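So this block is protein09.tsv, TSV, C-alpha atoms:
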chain	number	residue	atom	x	y	z
A	1	MET	CA	16.98	1.33	28.39
A	2	PRO	CA	16.70	-2.01	30.24
A	3	THR	CA	18.34	-2.30	33.66
A	4	CYS	CA	18.28	-4.62	36.64
A	5	THR	CA	19.17	-1.84	39.12
A	6	PRO	CA	16.55	0.10	41.11
A	7	LEU	CA	15.12	3.19	39.42
A	8	PRO	CA	14.03	6.38	41.19
A	9	SER	CA	10.30	7.05	41.24
A	10	LEU	CA	8.97	9.73	38.91
A	11	PRO	CA	7.78	12.91	40.65
A	12	LEU	CA	5.15	13.66	38.00
A	13	PRO	CA	1.92	11.69	37.67
A	14	LEU	CA	1.62	9.60	34.52
A	15	ALA	CA	-1.46	9.73	32.32
A	16	HIS	CA	-2.75	7.49	29.57
A	17	SER	CA	-2.72	10.40	27.12
A	18	LEU	CA	0.03	13.03	27.13
A	19	GLY	CA	0.71	15.94	24.78
A	20	ILE	CA	3.62	18.26	24.02
A	21	HIS	CA	3.77	21.62	22.28
A	22	GLU	CA	5.28	22.26	18.87
A	23	PHE	CA	8.47	23.82	20.28
A	24	ALA	CA	9.38	20.87	22.50
A	25	ASP	CA	12.83	19.33	22.28
A	26	SER	CA	13.12	16.35	19.93
A	27	GLN	CA	14.09	14.14	22.89
A	28	PHE	CA	10.80	14.73	24.62
A	29	GLY	CA	10.78	11.49	26.59
A	30	HIS	CA	12.85	8.56	27.76
A	31	VAL	CA	11.63	5.06	28.58
A	32	PHE	CA	13.25	2.91	31.26
A	33	ALA	CA	12.38	-0.65	32.20
A	34	ARG	CA	13.64	-2.71	35.09
A	35	GLY	CA	13.51	-6.30	36.25
A	36	PRO	CA	15.36	-8.80	38.44
A	37	THR	CA	17.58	-9.63	35.45
A	38	ARG	CA	18.60	-7.81	32.27
A	39	GLU	CA	16.51	-10.24	30.20
A	40	GLU	CA	13.38	-9.52	32.28
A	41	ALA	CA	14.01	-5.79	31.93
A	42	ARG	CA	14.44	-6.20	28.17
A	43	ARG	CA	11.14	-8.05	27.87
A	44	ASN	CA	9.38	-5.37	29.91
A	45	LEU	CA	10.83	-2.68	27.64
A	46	VAL	CA	9.69	-4.51	24.50
A	47	LEU	CA	6.18	-4.87	25.91
A	48	THR	CA	6.09	-1.17	26.85
A	49	LEU	CA	7.24	-0.01	23.42
A	50	LYS	CA	4.68	-2.21	21.68
A	51	GLN	CA	1.93	-0.54	23.69
A	52	MET	CA	3.20	2.99	23.06
A	53	GLU	CA	1.60	5.36	20.54
A	54	VAL	CA	2.99	8.73	19.43
A	55	ARG	CA	0.77	10.61	16.98
A	56	GLY	CA	0.96	13.85	15.09
A	57	GLU	CA	3.78	15.45	13.14
A	58	ILE	CA	6.37	13.69	15.28
A	59	ARG	CA	8.17	10.77	13.65
A	60	THR	CA	9.56	8.15	16.01
A	61	THR	CA	11.56	4.92	15.74
A	62	VAL	CA	9.52	2.99	18.30
A	63	ASP	CA	8.75	0.02	16.02
A	64	TYR	CA	12.40	-0.08	14.85
A	65	LEU	CA	13.63	-0.12	18.47
A	66	VAL	CA	11.40	-3.10	19.20
A	67	GLN	CA	13.11	-5.04	16.42
A	68	LEU	CA	16.56	-4.02	17.71
A	69	LEU	CA	15.71	-5.26	21.19
A	70	GLU	CA	14.74	-8.65	19.74
A	71	THR	CA	18.04	-9.26	17.96
A	72	ASP	CA	20.30	-12.06	19.27
A	73	ALA	CA	23.22	-9.66	19.79
A	74	PHE	CA	21.16	-7.38	22.02
A	75	LYS	CA	19.79	-10.31	24.01
A	76	ALA	CA	23.36	-11.52	24.60
A	77	ASN	CA	24.53	-7.98	25.46
A	78	LYS	CA	27.16	-8.07	22.70
A	79	ILE	CA	26.50	-4.58	21.40
A	80	ASP	CA	28.39	-1.37	20.76
A	81	THR	CA	28.17	1.58	18.39
A	82	SER	CA	29.80	-0.37	15.55
A	83	TRP	CA	27.10	-3.06	15.96
A	84	LEU	CA	24.38	-0.47	15.37
A	85	ASP	CA	26.29	1.06	12.45
A	86	GLY	CA	26.52	-2.37	10.87
A	87	ILE	CA	22.78	-2.98	11.22
A	88	ILE	CA	22.00	0.36	9.62
A	89	ARG	CA	24.49	-0.24	6.80
A	90	GLU	CA	23.30	-3.78	6.04
A	91	LYS	CA	19.60	-2.98	6.70
A	92	SER	CA	19.34	-6.27	8.55
A	93	VAL	CA	16.49	-5.03	10.77
A	94	SER	CA	13.20	-4.34	9.03
A	95	THR	CA	9.84	-3.17	10.34
A	96	GLU	CA	7.86	-3.81	7.18
A	97	GLN	CA	4.40	-5.30	7.43
A	98	ASP	CA	3.07	-7.95	5.08
A	99	PRO	CA	2.21	-6.06	1.85
A	100	HIS	CA	-1.29	-7.54	1.67
A	101	VAL	CA	-2.03	-6.53	5.26
A	102	THR	CA	-0.70	-3.04	4.55
A	103	VAL	CA	-2.86	-2.64	1.45
A	104	ALA	CA	-5.93	-4.02	3.24
A	105	CYS	CA	-5.53	-1.62	6.17
A	106	ALA	CA	-4.97	1.34	3.84
A	107	ALA	CA	-8.08	0.40	1.86
A	108	ILE	CA	-10.11	0.06	5.06
A	109	TYR	CA	-9.02	3.47	6.32
A	110	ARG	CA	-9.71	5.29	3.05
A	111	ALA	CA	-13.02	3.49	2.51
A	112	PHE	CA	-14.22	4.44	5.98
A	113	GLU	CA	-13.12	8.06	5.59
A	114	GLN	CA	-14.68	8.34	2.13
A	115	ALA	CA	-17.99	6.81	3.20
A	116	THR	CA	-18.14	8.96	6.33
A	117	GLU	CA	-17.41	12.16	4.41
A	118	ARG	CA	-20.08	11.44	1.79
A	119	GLU	CA	-22.59	10.54	4.46
A	120	GLN	CA	-21.95	13.82	6.28
A	121	ASP	CA	-22.30	15.74	3.00
A	122	HIS	CA	-25.68	14.07	2.41
A	123	VAL	CA	-26.87	14.95	5.91
A	124	ALA	CA	-25.82	18.56	5.31
A	125	GLN	CA	-27.83	18.61	2.07
A	126	LEU	CA	-30.89	17.25	3.86
A	127	ALA	CA	-30.52	20.00	6.46
A	128	MET	CA	-30.72	22.54	3.63
A	129	GLY	CA	-33.88	20.97	2.24
A	130	GLN	CA	-32.30	19.04	-0.62
A	131	LEU	CA	-34.12	15.71	-0.47
A	132	GLY	CA	-32.45	13.84	-3.35
A	133	MET	CA	-31.20	10.35	-2.42
A	134	ALA	CA	-28.87	9.82	-5.39
A	135	PRO	CA	-25.73	11.13	-3.62
A	136	LEU	CA	-26.25	8.61	-0.83
A	137	ALA	CA	-25.58	5.75	-3.25
A	138	THR	CA	-21.97	6.86	-3.67
A	139	ALA	CA	-21.49	6.56	0.09
A	140	THR	CA	-22.39	2.86	0.11
A	141	ALA	CA	-20.73	1.65	-3.12
A	142	PHE	CA	-17.67	3.12	-4.81
A	143	PRO	CA	-14.35	2.16	-6.45
A	144	LEU	CA	-11.12	2.56	-4.51
A	145	GLU	CA	-7.48	2.33	-5.62
A	146	ILE	CA	-4.44	1.73	-3.44
A	147	THR	CA	-0.89	1.79	-4.82
A	148	TYR	CA	1.90	0.21	-2.82
A	149	LYS	CA	5.41	-0.73	-3.97
A	150	SER	CA	4.59	0.04	-7.61
A	151	VAL	CA	1.53	-2.25	-7.61
A	152	LYS	CA	-1.96	-0.83	-8.05
A	153	TYR	CA	-4.85	-2.56	-6.25
A	154	SER	CA	-8.32	-1.72	-7.59
A	155	PHE	CA	-11.15	-2.44	-5.15
A	156	GLU	CA	-14.93	-2.26	-5.41
A	157	VAL	CA	-16.19	-1.25	-1.99
A	158	LYS	CA	-19.70	-1.82	-0.63
A	159	ARG	CA	-20.95	-0.81	2.77
A	160	THR	CA	-23.10	-3.80	3.71
A	161	ALA	CA	-23.91	-2.62	7.24
A	162	ALA	CA	-23.26	0.35	9.48
A	163	ASP	CA	-20.02	-1.25	10.70
A	164	THR	CA	-19.16	-3.61	7.82
A	165	PHE	CA	-17.50	-3.06	4.45
A	166	ALA	CA	-17.07	-5.62	1.66
A	167	PHE	CA	-13.98	-5.31	-0.56
A	168	THR	CA	-13.92	-7.02	-3.96
A	169	ILE	CA	-10.74	-7.42	-6.00
A	170	ASP	CA	-9.88	-9.85	-8.83
A	171	GLY	CA	-13.16	-11.70	-8.35
A	172	GLY	CA	-12.66	-12.32	-4.63
A	173	THR	CA	-14.46	-10.60	-1.75
A	174	TRP	CA	-13.49	-10.16	1.87
A	175	ASP	CA	-15.32	-8.36	4.68
A	176	ALA	CA	-14.03	-6.00	7.33
A	177	LYS	CA	-15.92	-5.06	10.47
A	178	LEU	CA	-14.98	-1.65	11.82
A	179	ARG	CA	-15.43	0.21	15.05
A	180	ALA	CA	-14.38	3.84	15.34
A	181	GLN	CA	-12.65	4.71	18.61
A	182	PRO	CA	-12.94	8.01	20.51
A	183	ASP	CA	-9.24	8.70	19.86
A	184	GLY	CA	-9.78	8.63	16.08
A	185	SER	CA	-8.41	5.15	15.48
A	186	LEU	CA	-10.23	2.23	13.87
A	187	LEU	CA	-10.50	-1.30	15.18
A	188	ALA	CA	-10.76	-3.46	12.06
A	189	THR	CA	-11.50	-7.17	12.13
A	190	PHE	CA	-10.70	-9.07	8.94
A	191	GLY	CA	-9.09	-12.39	8.16
A	192	GLY	CA	-9.83	-13.53	11.70
A	193	VAL	CA	-7.56	-10.87	13.23
A	194	THR	CA	-8.38	-7.51	14.83
A	195	ARG	CA	-5.97	-4.67	14.09
A	196	LYS	CA	-5.80	-1.07	15.22
A	197	ILE	CA	-5.50	1.39	12.34
A	198	VAL	CA	-4.57	5.05	12.54
A	199	GLY	CA	-4.34	6.93	9.24
A	200	ARG	CA	-3.16	10.37	8.26
A	201	GLU	CA	-3.38	11.88	4.79
A	202	GLU	CA	-0.28	13.92	3.94
A	203	PRO	CA	0.55	16.05	0.88
A	204	LEU	CA	2.49	13.22	-0.78
A	205	GLY	CA	0.64	10.15	0.45
A	206	LEU	CA	-0.99	8.21	3.24
A	207	ARG	CA	0.76	7.42	6.51
A	208	VAL	CA	-0.97	4.57	8.30
A	209	ALA	CA	-0.11	3.00	11.65
A	210	ILE	CA	-1.04	-0.67	11.89
A	211	ASP	CA	-0.90	-1.79	15.51
A	212	SER	CA	2.67	-0.74	16.42
A	213	SER	CA	4.10	-0.39	12.89
A	214	THR	CA	3.93	2.68	10.65
A	215	VAL	CA	3.83	2.43	6.85
A	216	TYR	CA	3.90	5.21	4.25
A	217	LEU	CA	2.04	4.81	0.96
A	218	PRO	CA	3.03	7.57	-1.49
A	219	ASN	CA	0.51	8.93	-3.96
A	220	VAL	CA	0.92	8.11	-7.63
A	221	PHE	CA	2.34	11.07	-9.56
A	222	ASP	CA	4.18	11.85	-12.75
A	223	PRO	CA	7.84	10.80	-12.20
A	224	SER	CA	8.99	13.69	-14.37
A	225	GLU	CA	7.69	16.08	-11.70
A	226	LEU	CA	9.57	16.94	-8.51
A	227	ARG	CA	7.43	17.32	-5.40
A	228	THR	CA	8.13	18.04	-1.77
A	229	ASP	CA	6.00	17.77	1.35
A	230	VAL	CA	7.80	20.77	2.82
A	231	THR	CA	5.96	24.09	2.79
A	232	GLY	CA	8.50	26.71	1.81
A	233	LYS	CA	9.97	28.66	-1.08
A	234	VAL	CA	12.43	27.96	-3.85
A	235	VAL	CA	15.85	29.46	-3.06
A	236	ARG	CA	17.74	28.61	-6.22
A	237	PHE	CA	17.94	26.14	-9.08
A	238	LEU	CA	21.05	23.96	-9.08
A	239	GLN	CA	20.97	22.93	-12.75
A	240	ASP	CA	20.97	24.85	-16.01
A	241	ASN	CA	17.62	25.44	-17.65
A	242	GLY	CA	16.91	22.58	-20.07
A	243	GLY	CA	19.87	20.53	-18.86
A	244	ARG	CA	19.66	16.81	-18.11
A	245	VAL	CA	19.40	15.82	-14.44
A	246	GLU	CA	20.10	12.22	-13.47
A	247	LYS	CA	18.55	10.21	-10.65
A	248	GLY	CA	19.96	11.22	-7.26
A	249	GLN	CA	21.19	14.64	-8.37
A	250	PRO	CA	19.99	17.75	-6.51
A	251	PHE	CA	17.75	19.86	-8.70
A	252	VAL	CA	16.63	22.79	-6.58
A	253	GLU	CA	17.03	24.13	-3.05
A	254	VAL	CA	14.00	25.02	-0.94
A	255	GLU	CA	13.84	26.94	2.33
A	256	ALA	CA	11.55	26.01	5.20
A	257	MET	CA	11.81	27.13	8.83
A	258	LYS	CA	15.23	28.73	8.14
A	259	MET	CA	16.61	25.44	6.78
A	260	ILE	CA	17.89	24.94	3.23
A	261	MET	CA	17.08	21.51	1.79
A	262	PRO	CA	18.00	20.11	-1.64
A	263	LEU	CA	15.29	18.49	-3.71
A	264	LYS	CA	16.71	15.47	-5.54
A	265	VAL	CA	15.55	13.58	-8.61
A	266	MET	CA	14.22	10.24	-7.35
A	267	LYS	CA	13.02	8.60	-10.57
A	268	VAL	CA	13.84	8.96	-14.25
A	269	PRO	CA	16.07	11.72	-15.69
A	270	LEU	CA	14.31	14.96	-16.58
A	271	ALA	CA	14.96	18.35	-18.07
A	272	ALA	CA	15.90	20.89	-15.43
A	273	ARG	CA	13.43	23.59	-14.37
A	274	GLU	CA	10.68	22.53	-16.77
A	275	ASN	CA	8.69	20.40	-14.32
A	276	CYS	CA	9.24	21.96	-10.92
A	277	VAL	CA	6.19	21.60	-8.65
Please re-express this file's structure in structure tokens.
Amino acid sequence: MPTCTPLPSLPLPLAHSLGIHEFADSQFGHVFARGPTREEARRNLVLTLKQMEVRGEIRTTVDYLVQLLETDAFKANKIDTSWLDGIIREKSVSTEQDPHVTVACAAIYRAFEQATEREQDHVAQLAMGQLGMAPLATATAFPLEITYKSVKYSFEVKRTAADTFAFTIDGGTWDAKLRAQPDGSLLATFGGVTRKIVGREEPLGLRVAIDSSTVYLPNVFDPSELRTDVTGKVVRFLQDNGGRVEKGQPFVEVEAMKMIMPLKVMKVPLAARENCV
């Protein structure tokens, strides 16, 4: 919330890294910015949100709020609840990254994680007296596939140095220099730009934060199967066995944390109850 009026000082000390427990209220924090004018306060708020990181199971709208604050209507203070409803309805504000940058960052994250895991496995084998070097080759050169927006990108990855990976696709090669940070993030330099990458593998795909924007890359799966990232149990089927279920129709209800959620068909029609996963 930008304001040009004085704000009371906070009684609690602020730290660079804060944590909350799993039972905390969803509105676990509020951000205020001030300045001599509303425009200065708005700019300070945008800068603060761009520097903010919230990690873990919590999903936030920080990057979306930054885009809202940069709209002409907000700058002119011509806003109300109907203005926000209109933006949501028309989807006029987008936080999408360039698809090529998204794919590159996802490939960098997965290549680093895969190489690191295989290297650690090899070190563990050496500790047990297994001196074969063949497994180490798969840690320095391996294929990698990334699927984003129904397009599959097939890379050949080579680790050319301790902090450098070469990615080859369609006959072209580009290099990325990486530096792992103590907080688990990666600083990746490629294409003349350095970006901060934070990845998280989830049951249905990869969630990767690129600087201040978060992108979700779902895994490729059979569209005739219904999947959910919620850990729970099936409560009841909503369609007759063997019946035809169209896209968008609820197929089954699942229970998780005392909440009942419908699982809907997102792709092609399928026969009810035959492919429930």
Would you give me, as JSON lines, each residue of segment 161-241 of chain A having an atom within 10 Å of an atom of segment 90-114 of chain A, along with its shortest atom pair and that distance in Å to one decimal, using only C-alpha atoms and sorting by chain and residue number?
{"residue": "A:Asp163", "atom": "CA", "partner": "A:Phe112", "partner_atom": "CA", "distance": 9.4}
{"residue": "A:Thr164", "atom": "CA", "partner": "A:Phe112", "partner_atom": "CA", "distance": 9.6}
{"residue": "A:Phe165", "atom": "CA", "partner": "A:Ile108", "partner_atom": "CA", "distance": 8.0}
{"residue": "A:Ala166", "atom": "CA", "partner": "A:Ile108", "partner_atom": "CA", "distance": 9.6}
{"residue": "A:Phe167", "atom": "CA", "partner": "A:Ala107", "partner_atom": "CA", "distance": 8.6}
{"residue": "A:Trp174", "atom": "CA", "partner": "A:Ala104", "partner_atom": "CA", "distance": 9.8}
{"residue": "A:Asp175", "atom": "CA", "partner": "A:Ile108", "partner_atom": "CA", "distance": 9.9}
{"residue": "A:Ala176", "atom": "CA", "partner": "A:Ile108", "partner_atom": "CA", "distance": 7.6}
{"residue": "A:Lys177", "atom": "CA", "partner": "A:Ile108", "partner_atom": "CA", "distance": 9.4}
{"residue": "A:Leu178", "atom": "CA", "partner": "A:Phe112", "partner_atom": "CA", "distance": 8.5}
{"residue": "A:Ala180", "atom": "CA", "partner": "A:Phe112", "partner_atom": "CA", "distance": 9.4}
{"residue": "A:Ser185", "atom": "CA", "partner": "A:Tyr109", "partner_atom": "CA", "distance": 9.3}
{"residue": "A:Leu186", "atom": "CA", "partner": "A:Tyr109", "partner_atom": "CA", "distance": 7.7}
{"residue": "A:Ala188", "atom": "CA", "partner": "A:Ile108", "partner_atom": "CA", "distance": 7.9}
{"residue": "A:Phe190", "atom": "CA", "partner": "A:Ala104", "partner_atom": "CA", "distance": 9.0}
{"residue": "A:Gly191", "atom": "CA", "partner": "A:Val101", "partner_atom": "CA", "distance": 9.6}
{"residue": "A:Arg195", "atom": "CA", "partner": "A:Cys105", "partner_atom": "CA", "distance": 8.5}
{"residue": "A:Lys196", "atom": "CA", "partner": "A:Cys105", "partner_atom": "CA", "distance": 9.1}
{"residue": "A:Ile197", "atom": "CA", "partner": "A:Cys105", "partner_atom": "CA", "distance": 6.9}
{"residue": "A:Val198", "atom": "CA", "partner": "A:Tyr109", "partner_atom": "CA", "distance": 7.8}
{"residue": "A:Gly199", "atom": "CA", "partner": "A:Tyr109", "partner_atom": "CA", "distance": 6.5}
{"residue": "A:Arg200", "atom": "CA", "partner": "A:Tyr109", "partner_atom": "CA", "distance": 9.3}
{"residue": "A:Glu201", "atom": "CA", "partner": "A:Arg110", "partner_atom": "CA", "distance": 9.3}
{"residue": "A:Leu206", "atom": "CA", "partner": "A:Ala106", "partner_atom": "CA", "distance": 8.0}
{"residue": "A:Arg207", "atom": "CA", "partner": "A:Ala106", "partner_atom": "CA", "distance": 8.8}
{"residue": "A:Val208", "atom": "CA", "partner": "A:Ala106", "partner_atom": "CA", "distance": 6.8}
{"residue": "A:Ala209", "atom": "CA", "partner": "A:Cys105", "partner_atom": "CA", "distance": 9.0}
{"residue": "A:Ile210", "atom": "CA", "partner": "A:Cys105", "partner_atom": "CA", "distance": 7.3}
{"residue": "A:Ser212", "atom": "CA", "partner": "A:Thr95", "partner_atom": "CA", "distance": 9.7}
{"residue": "A:Ser213", "atom": "CA", "partner": "A:Thr95", "partner_atom": "CA", "distance": 6.9}
{"residue": "A:Thr214", "atom": "CA", "partner": "A:Thr95", "partner_atom": "CA", "distance": 8.3}
{"residue": "A:Val215", "atom": "CA", "partner": "A:Glu96", "partner_atom": "CA", "distance": 7.4}
{"residue": "A:Tyr216", "atom": "CA", "partner": "A:Thr102", "partner_atom": "CA", "distance": 9.5}
{"residue": "A:Leu217", "atom": "CA", "partner": "A:Ala106", "partner_atom": "CA", "distance": 8.3}
With only C-alpha atoms counted, which protein, DNA or RNA residues have an atom no more than 6 Å from (-23.6, 10.8, 1.8) in the file frame? Please answer as a ChimeraX atom specification. /A:118-122,135-136,139
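Restricting the calculation to all atoms listed in the file, the smallest distance between Ala162 of chain A and any of A:Val235, A:Ala115, A:Val193, A:Ile88 is found for A:Ala115.
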For Leu238 of chain A, which residue out of A:Val254, A:Pro203, A:Val123, A:Val220 is the nearest one, using only C-alpha atoms?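 Checking each of A:Val254, A:Pro203, A:Val123, A:Val220 against Leu238 of chain A, counting only C-alpha atoms, the winner is A:Val254.
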Just how far from atom CA of Phe155 of chain A is atom CA of Gly171 of chain A, in Å to one decimal?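 Taking atom CA of Gly171 of chain A as the start and atom CA of Phe155 of chain A as the end point, the length is 10.0 Å.
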note - atom CA of Leu204 of chain A and atom CA of Glu253 of chain A are separated by 18.3 Å
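From atom CA of Thr140 of chain A back to atom CA of Arg159 of chain A, the distance works out to 4.8 Å.
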Shell of 12 Å around Asp72 of chain A, all atoms listed in the file, local chain residues under 4 positions omitted, as a list of chain:residue names: A:Glu39, A:Gln67, A:Leu68, A:Ala76, A:Asn77, A:Lys78, A:Ile79, A:Trp83, A:Val93
Residue with smallest distance to Val234 of chain A - pool A:Glu246, A:Glu255, A:Asp63, A:Glu156, counting only C-alpha atoms: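 Distance minimum relative to Val234 of chain A lands on A:Glu255.
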Please, what is the axis-aligned box for every listed atom of segment 104-123 of chain A with 6 Å on each side, as centre and edge lengths in Å to one decimal, as AutoDock Vina command-line options?
--center_x -15.9 --center_y 5.9 --center_z 4.1 --size_x 33.9 --size_y 31.8 --size_z 16.5
Taking all atoms listed in the file into account, which of A:Pro250, A:Gly35, A:Gly129, A:Pro143 comes nearest Leu226 of chain A?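 The shortest atom-to-atom distance to Leu226 of chain A comes from A:Pro250.
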